[in-house]
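Below is one structure, written out as structure tokens, with a few remarks after it.
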Amino acid sequence: QVQLVESGGGLVQAEGSLRLSCAASGRTGGIYGYGWFRQAPENEREFVAGIRWNGANEAYSDSMKGRFTISRDIAKNTVYLQMNSLKPGDTAVYYCAGCTRCFESVVRTDARPYDLWGQGTQVTVSS
């Protein structure tokens with residue numbers, strides 16, 4: 001059984017930074033892609049960033065491009081999301097997701113293919 005556990009969320013002032021981590025455990029060899037998604041109250045879950053299992057390809061939501069960076073440490077089975085220049089609009093619960101069905105090389109930005117999910121970590125940005 002595979003588990004994804006997020007950490008690193010918290011309260012930060014606008015223009016501050018946070019680094020989220022997603023540690024994967026168990027039989028992780030079948031995860032072909034990782035993604036970060038977020039969901040604010042009364043909003044739908046939205047794609048933030050994604051990366052292939054080997055770090056070969058990355059993708060970002062347009063609103064996060066240039067501020068957020070996703071990376072992968074294969075040896076540690078961990079995916080990171082570095083978030084800079086945070087805005088109050090970035091306040092949300094951030095989820096790490098893994099995809100065991102994403103065999104193609106592109107990063108999937110739709111939540112539906114992702115079949116493994118962490119419990120989420122709260123990020124709150126104050127103005």
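Following the order of the structure tokens, chains are lettered A, B, ..., residues in each are numbered from 1, and ligands are numbered from 1.
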
Based on the backbone DSSP call, show me all residues of chain A assigned strand (DSSP E), as a count of residues only. 62

Surrounding residues of Pro88 (chain A) excluding itself and chain neighbours under 4 positions, 12 Å, only C-alpha atoms, as number ranges by chain: A: 11-16, 40, 92, 123-127

Would you put the residues from that selection into a file with N, CA and C atoms, as a PDB file, in the first residue's frame?
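Dumped to result_24.pdb:
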ATOM      1  N   LEU A  11       1.216  29.180   8.422  1.00  0.00           N
ATOM      2  CA  LEU A  11       0.792  30.570   8.254  1.00  0.00           C
ATOM      3  C   LEU A  11       2.000  31.405   7.845  1.00  0.00           C
ATOM      4  N   VAL A  12       1.836  32.200   6.801  1.00  0.00           N
ATOM      5  CA  VAL A  12       2.928  33.031   6.317  1.00  0.00           C
ATOM      6  C   VAL A  12       2.352  34.368   5.857  1.00  0.00           C
ATOM      7  N   GLN A  13       3.149  35.411   5.945  1.00  0.00           N
ATOM      8  CA  GLN A  13       2.698  36.717   5.469  1.00  0.00           C
ATOM      9  C   GLN A  13       2.840  36.803   3.961  1.00  0.00           C
ATOM     10  N   ALA A  14       2.079  37.684   3.379  1.00  0.00           N
ATOM     11  CA  ALA A  14       2.161  37.901   1.933  1.00  0.00           C
ATOM     12  C   ALA A  14       3.601  38.220   1.530  1.00  0.00           C
ATOM     13  N   GLU A  15       3.972  37.714   0.374  1.00  0.00           N
ATOM     14  CA  GLU A  15       5.323  37.813  -0.181  1.00  0.00           C
ATOM     15  C   GLU A  15       6.318  36.874   0.495  1.00  0.00           C
ATOM     16  N   GLY A  16       5.854  36.090   1.452  1.00  0.00           N
ATOM     17  CA  GLY A  16       6.710  35.108   2.091  1.00  0.00           C
ATOM     18  C   GLY A  16       6.818  33.836   1.276  1.00  0.00           C
ATOM     19  N   ALA A  40      -9.418  25.749  -2.033  1.00  0.00           N
ATOM     20  CA  ALA A  40      -9.844  26.767  -1.081  1.00  0.00           C
ATOM     21  C   ALA A  40     -11.321  26.553  -0.761  1.00  0.00           C
ATOM     22  N   ALA A  92      -5.149  27.927   0.913  1.00  0.00           N
ATOM     23  CA  ALA A  92      -5.893  26.727   0.523  1.00  0.00           C
ATOM     24  C   ALA A  92      -5.300  25.530   1.246  1.00  0.00           C
ATOM     25  N   VAL A 123      -2.257  25.828   3.967  1.00  0.00           N
ATOM     26  CA  VAL A 123      -1.409  26.998   3.747  1.00  0.00           C
ATOM     27  C   VAL A 123      -2.283  28.237   3.893  1.00  0.00           C
ATOM     28  N   THR A 124      -1.895  29.124   4.777  1.00  0.00           N
ATOM     29  CA  THR A 124      -2.640  30.352   4.989  1.00  0.00           C
ATOM     30  C   THR A 124      -1.698  31.532   4.805  1.00  0.00           C
ATOM     31  N   VAL A 125      -2.069  32.431   3.903  1.00  0.00           N
ATOM     32  CA  VAL A 125      -1.253  33.607   3.619  1.00  0.00           C
ATOM     33  C   VAL A 125      -2.007  34.846   4.092  1.00  0.00           C
ATOM     34  N   SER A 126      -1.409  35.567   5.017  1.00  0.00           N
ATOM     35  CA  SER A 126      -2.062  36.759   5.551  1.00  0.00           C
ATOM     36  C   SER A 126      -1.582  38.001   4.803  1.00  0.00           C
ATOM     37  N   SER A 127      -2.470  38.977   4.726  1.00  0.00           N
ATOM     38  CA  SER A 127      -2.133  40.212   3.998  1.00  0.00           C
ATOM     39  C   SER A 127      -1.440  41.221   4.894  1.00  0.00           C
TER      40      SER A 127
END

Distance query region 100-113 of chain A at most 6 Å, only C-alpha atoms, self and fewer than 4 positions along chain excluded, as a PyMOL selection string: chain A and resi 30-32+47

Convert the current residue selection to file output with all heavy atoms, as a PDB file, in the first residue's frame.
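Saved to result17.pdb:
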ATOM      1  N   GLY A  30       5.386   2.117  -8.793  1.00  0.00           N
ATOM      2  CA  GLY A  30       4.345   2.208  -9.805  1.00  0.00           C
ATOM      3  C   GLY A  30       3.758   3.596  -9.982  1.00  0.00           C
ATOM      4  O   GLY A  30       2.799   3.764 -10.734  1.00  0.00           O
ATOM      5  N   ILE A  31       4.325   4.590  -9.324  1.00  0.00           N
ATOM      6  CA  ILE A  31       3.840   5.957  -9.467  1.00  0.00           C
ATOM      7  C   ILE A  31       4.614   6.624 -10.602  1.00  0.00           C
ATOM      8  O   ILE A  31       5.822   6.776 -10.531  1.00  0.00           O
ATOM      9  CB  ILE A  31       4.013   6.758  -8.167  1.00  0.00           C
ATOM     10  CG1 ILE A  31       3.251   6.093  -7.031  1.00  0.00           C
ATOM     11  CG2 ILE A  31       3.534   8.190  -8.364  1.00  0.00           C
ATOM     12  CD1 ILE A  31       3.434   6.764  -5.681  1.00  0.00           C
ATOM     13  N   TYR A  32       3.910   7.023 -11.645  1.00  0.00           N
ATOM     14  CA  TYR A  32       4.550   7.593 -12.822  1.00  0.00           C
ATOM     15  C   TYR A  32       4.523   9.114 -12.846  1.00  0.00           C
ATOM     16  O   TYR A  32       5.279   9.740 -13.594  1.00  0.00           O
ATOM     17  CB  TYR A  32       3.897   7.053 -14.090  1.00  0.00           C
ATOM     18  CG  TYR A  32       4.123   5.576 -14.262  1.00  0.00           C
ATOM     19  CD1 TYR A  32       3.187   4.646 -13.828  1.00  0.00           C
ATOM     20  CD2 TYR A  32       5.293   5.108 -14.834  1.00  0.00           C
ATOM     21  CE1 TYR A  32       3.402   3.293 -13.964  1.00  0.00           C
ATOM     22  CE2 TYR A  32       5.526   3.748 -14.980  1.00  0.00           C
ATOM     23  CZ  TYR A  32       4.574   2.845 -14.539  1.00  0.00           C
ATOM     24  OH  TYR A  32       4.806   1.501 -14.676  1.00  0.00           O
ATOM     25  N   PHE A  47      -5.338  22.417 -10.147  1.00  0.00           N
ATOM     26  CA  PHE A  47      -3.972  21.967 -10.381  1.00  0.00           C
ATOM     27  C   PHE A  47      -3.002  23.097 -10.045  1.00  0.00           C
ATOM     28  O   PHE A  47      -3.238  24.253 -10.397  1.00  0.00           O
ATOM     29  CB  PHE A  47      -3.826  21.541 -11.841  1.00  0.00           C
ATOM     30  CG  PHE A  47      -2.415  21.227 -12.255  1.00  0.00           C
ATOM     31  CD1 PHE A  47      -1.837  20.011 -11.914  1.00  0.00           C
ATOM     32  CD2 PHE A  47      -1.673  22.131 -12.994  1.00  0.00           C
ATOM     33  CE1 PHE A  47      -0.551  19.702 -12.306  1.00  0.00           C
ATOM     34  CE2 PHE A  47      -0.388  21.846 -13.395  1.00  0.00           C
ATOM     35  CZ  PHE A  47       0.177  20.617 -13.049  1.00  0.00           C
TER      36      PHE A  47
END

Interatomic distance between CA of Asn84 (chain A) and CA of Val2 (chain A)?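 Separation between CA of Asn84 (chain A) and CA of Val2 (chain A): 29.4 Å.
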
Write out as a PDB file with all heavy atoms, in the first residue's frame which residues come within 7 Å of Ala97 (chain A) when counting only C-alpha atoms, dropping same-chain ones fewer than 6 positions away.
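Once everything was written out, this is part.pdb:
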ATOM      1  N   TYR A  34       3.576  12.794 -10.289  1.00  0.00           N
ATOM      2  CA  TYR A  34       3.152  13.418  -9.044  1.00  0.00           C
ATOM      3  C   TYR A  34       2.586  14.799  -9.349  1.00  0.00           C
ATOM      4  O   TYR A  34       3.045  15.485 -10.265  1.00  0.00           O
ATOM      5  CB  TYR A  34       4.333  13.571  -8.080  1.00  0.00           C
ATOM      6  CG  TYR A  34       4.854  12.284  -7.524  1.00  0.00           C
ATOM      7  CD1 TYR A  34       5.838  11.571  -8.196  1.00  0.00           C
ATOM      8  CD2 TYR A  34       4.373  11.787  -6.320  1.00  0.00           C
ATOM      9  CE1 TYR A  34       6.319  10.378  -7.680  1.00  0.00           C
ATOM     10  CE2 TYR A  34       4.859  10.596  -5.796  1.00  0.00           C
ATOM     11  CZ  TYR A  34       5.825   9.896  -6.485  1.00  0.00           C
ATOM     12  OH  TYR A  34       6.305   8.719  -5.970  1.00  0.00           O
ATOM     13  N   GLY A  35       1.606  15.184  -8.555  1.00  0.00           N
ATOM     14  CA  GLY A  35       1.030  16.510  -8.739  1.00  0.00           C
ATOM     15  C   GLY A  35       0.718  17.153  -7.407  1.00  0.00           C
ATOM     16  O   GLY A  35       0.533  16.469  -6.400  1.00  0.00           O
ATOM     17  N   TRP A  36       0.714  18.458  -7.421  1.00  0.00           N
ATOM     18  CA  TRP A  36       0.206  19.242  -6.299  1.00  0.00           C
ATOM     19  C   TRP A  36      -1.082  19.916  -6.764  1.00  0.00           C
ATOM     20  O   TRP A  36      -1.116  20.540  -7.835  1.00  0.00           O
ATOM     21  CB  TRP A  36       1.214  20.294  -5.865  1.00  0.00           C
ATOM     22  CG  TRP A  36       2.380  19.763  -5.079  1.00  0.00           C
ATOM     23  CD1 TRP A  36       3.614  19.484  -5.559  1.00  0.00           C
ATOM     24  CD2 TRP A  36       2.414  19.467  -3.678  1.00  0.00           C
ATOM     25  NE1 TRP A  36       4.425  19.018  -4.547  1.00  0.00           N
ATOM     26  CE2 TRP A  36       3.707  19.004  -3.381  1.00  0.00           C
ATOM     27  CE3 TRP A  36       1.477  19.555  -2.644  1.00  0.00           C
ATOM     28  CZ2 TRP A  36       4.100  18.615  -2.098  1.00  0.00           C
ATOM     29  CZ3 TRP A  36       1.865  19.179  -1.375  1.00  0.00           C
ATOM     30  CH2 TRP A  36       3.153  18.715  -1.096  1.00  0.00           C
ATOM     31  N   TYR A 114      -5.252  10.989 -11.270  1.00  0.00           N
ATOM     32  CA  TYR A 114      -4.477  10.742 -10.057  1.00  0.00           C
ATOM     33  C   TYR A 114      -5.288   9.855  -9.106  1.00  0.00           C
ATOM     34  O   TYR A 114      -6.416  10.192  -8.738  1.00  0.00           O
ATOM     35  CB  TYR A 114      -4.114  12.067  -9.387  1.00  0.00           C
ATOM     36  CG  TYR A 114      -3.107  12.862 -10.177  1.00  0.00           C
ATOM     37  CD1 TYR A 114      -3.512  13.716 -11.206  1.00  0.00           C
ATOM     38  CD2 TYR A 114      -1.745  12.754  -9.914  1.00  0.00           C
ATOM     39  CE1 TYR A 114      -2.588  14.446 -11.947  1.00  0.00           C
ATOM     40  CE2 TYR A 114      -0.810  13.481 -10.642  1.00  0.00           C
ATOM     41  CZ  TYR A 114      -1.243  14.314 -11.660  1.00  0.00           C
ATOM     42  OH  TYR A 114      -0.322  15.031 -12.399  1.00  0.00           O
ATOM     43  N   LEU A 116      -3.835   8.372  -6.162  1.00  0.00           N
ATOM     44  CA  LEU A 116      -3.282   8.357  -4.815  1.00  0.00           C
ATOM     45  C   LEU A 116      -3.276   9.790  -4.300  1.00  0.00           C
ATOM     46  O   LEU A 116      -2.822  10.699  -5.001  1.00  0.00           O
ATOM     47  CB  LEU A 116      -1.849   7.800  -4.804  1.00  0.00           C
ATOM     48  CG  LEU A 116      -1.663   6.387  -5.343  1.00  0.00           C
ATOM     49  CD1 LEU A 116      -0.189   6.084  -5.537  1.00  0.00           C
ATOM     50  CD2 LEU A 116      -2.311   5.377  -4.415  1.00  0.00           C
ATOM     51  N   TRP A 117      -3.760   9.975  -3.083  1.00  0.00           N
ATOM     52  CA  TRP A 117      -3.866  11.329  -2.529  1.00  0.00           C
ATOM     53  C   TRP A 117      -3.398  11.358  -1.080  1.00  0.00           C
ATOM     54  O   TRP A 117      -3.648  10.424  -0.311  1.00  0.00           O
ATOM     55  CB  TRP A 117      -5.315  11.826  -2.593  1.00  0.00           C
ATOM     56  CG  TRP A 117      -5.773  12.070  -3.991  1.00  0.00           C
ATOM     57  CD1 TRP A 117      -6.314  11.163  -4.852  1.00  0.00           C
ATOM     58  CD2 TRP A 117      -5.701  13.314  -4.707  1.00  0.00           C
ATOM     59  NE1 TRP A 117      -6.587  11.768  -6.063  1.00  0.00           N
ATOM     60  CE2 TRP A 117      -6.227  13.087  -6.003  1.00  0.00           C
ATOM     61  CE3 TRP A 117      -5.250  14.595  -4.387  1.00  0.00           C
ATOM     62  CZ2 TRP A 117      -6.306  14.096  -6.966  1.00  0.00           C
ATOM     63  CZ3 TRP A 117      -5.342  15.600  -5.340  1.00  0.00           C
ATOM     64  CH2 TRP A 117      -5.860  15.345  -6.612  1.00  0.00           C
ATOM     65  N   GLY A 118      -2.728  12.438  -0.725  1.00  0.00           N
ATOM     66  CA  GLY A 118      -2.380  12.670   0.664  1.00  0.00           C
ATOM     67  C   GLY A 118      -3.544  13.302   1.404  1.00  0.00           C
ATOM     68  O   GLY A 118      -4.597  13.570   0.831  1.00  0.00           O
TER      69      GLY A 118
END

Could you pull the residues within 7 Å of region 59-61 of chain A, counting only C-alpha atoms, minus those fewer than 4 positions along the same chain, as a count of residues only? 7

Excluding Gln122 (chain A) and any residue of its chain fewer than 6 positions from it, enumerate the residues within 7 Å of it, using only C-alpha atoms, and give them as a PyMOL selection string. chain A and resi 9-10+92-94

Write a file of the selected residues as a short mmCIF file (atom, residue, chain, number, x, y, z; two decimals), in the first residue's frame, keeping all heavy atoms.
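Contents of again22.cif, freshly written:
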data_model
loop_
_atom_site.label_atom_id
_atom_site.label_comp_id
_atom_site.auth_asym_id
_atom_site.auth_seq_id
_atom_site.Cartn_x
_atom_site.Cartn_y
_atom_site.Cartn_z
N GLY A 9 3.11 22.95 5.54
CA GLY A 9 2.15 24.03 5.49
C GLY A 9 2.21 24.89 6.74
O GLY A 9 2.91 24.58 7.70
N GLY A 10 1.50 26.00 6.71
CA GLY A 10 1.48 26.88 7.87
C GLY A 10 0.97 28.25 7.51
O GLY A 10 0.39 28.46 6.44
N ALA A 92 -5.15 27.93 0.91
CA ALA A 92 -5.89 26.73 0.52
C ALA A 92 -5.30 25.53 1.25
O ALA A 92 -4.24 25.63 1.88
CB ALA A 92 -5.81 26.51 -0.99
N VAL A 93 -5.99 24.41 1.12
CA VAL A 93 -5.40 23.13 1.51
C VAL A 93 -4.68 22.58 0.28
O VAL A 93 -5.27 22.51 -0.80
CB VAL A 93 -6.47 22.13 2.00
CG1 VAL A 93 -5.82 20.79 2.32
CG2 VAL A 93 -7.19 22.69 3.23
N TYR A 94 -3.44 22.24 0.46
CA TYR A 94 -2.62 21.73 -0.65
C TYR A 94 -2.50 20.22 -0.52
O TYR A 94 -2.15 19.69 0.55
CB TYR A 94 -1.24 22.38 -0.63
CG TYR A 94 -1.27 23.80 -1.14
CD1 TYR A 94 -1.87 24.81 -0.41
CD2 TYR A 94 -0.73 24.12 -2.38
CE1 TYR A 94 -1.93 26.12 -0.89
CE2 TYR A 94 -0.77 25.42 -2.87
CZ TYR A 94 -1.37 26.41 -2.12
OH TYR A 94 -1.42 27.70 -2.60
#

Selected residue, from A:Tyr95, A:Tyr80, A:Ile74, A:Gly120, that lies nearest to Leu18 (chain A) when counting only C-alpha atoms: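 When distances to Leu18 (chain A) are compared using only C-alpha atoms, the smallest one comes from A:Tyr80.
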
Pick from A:Cys99, A:Glu44, A:Gly29, A:Asn77: nearest to Val5 (chain A), with only C-alpha atoms counted?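 Checking each candidate against Val5 (chain A), we get A:Asn77 as the closest.
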
One residue among A:Leu86, A:Ala24, A:Cys96, A:Ile70 is nearest to Thr121 (chain A) when using only C-alpha atoms, and that residue is A:Cys96

Expected answer as a PyMOL selection string: helix (DSSP H, G or I) residues in region 2-113 of chain A: chain A and resi 28-30+88-90

Please save C-alpha atoms of the selected residues as a compact mmCIF listing (two decimals), in the first residue's frame.
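Full text of again38.txt as output:
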# COMPACT_ATOMS: atom_id res chain seq x y z
CA THR A 28 6.14 3.65 -4.92
CA GLY A 29 7.68 2.13 -8.02
CA GLY A 30 4.35 2.21 -9.80
CA PRO A 88 -3.55 35.77 0.17
CA GLY A 89 -5.22 34.13 -2.83
CA ASP A 90 -2.87 31.17 -2.41

So how far away is CA of Gly66 (chain A) from CA of Cys22 (chain A), in Å?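 One can read the CA of Cys22 (chain A) to CA of Gly66 (chain A) distance as 20.7 Å.
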
How many Å lie between CA of Gly26 (chain A) and CA of Gln119 (chain A), rounded to one decimal?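 One can read the CA of Gly26 (chain A) to CA of Gln119 (chain A) distance as 16.0 Å.
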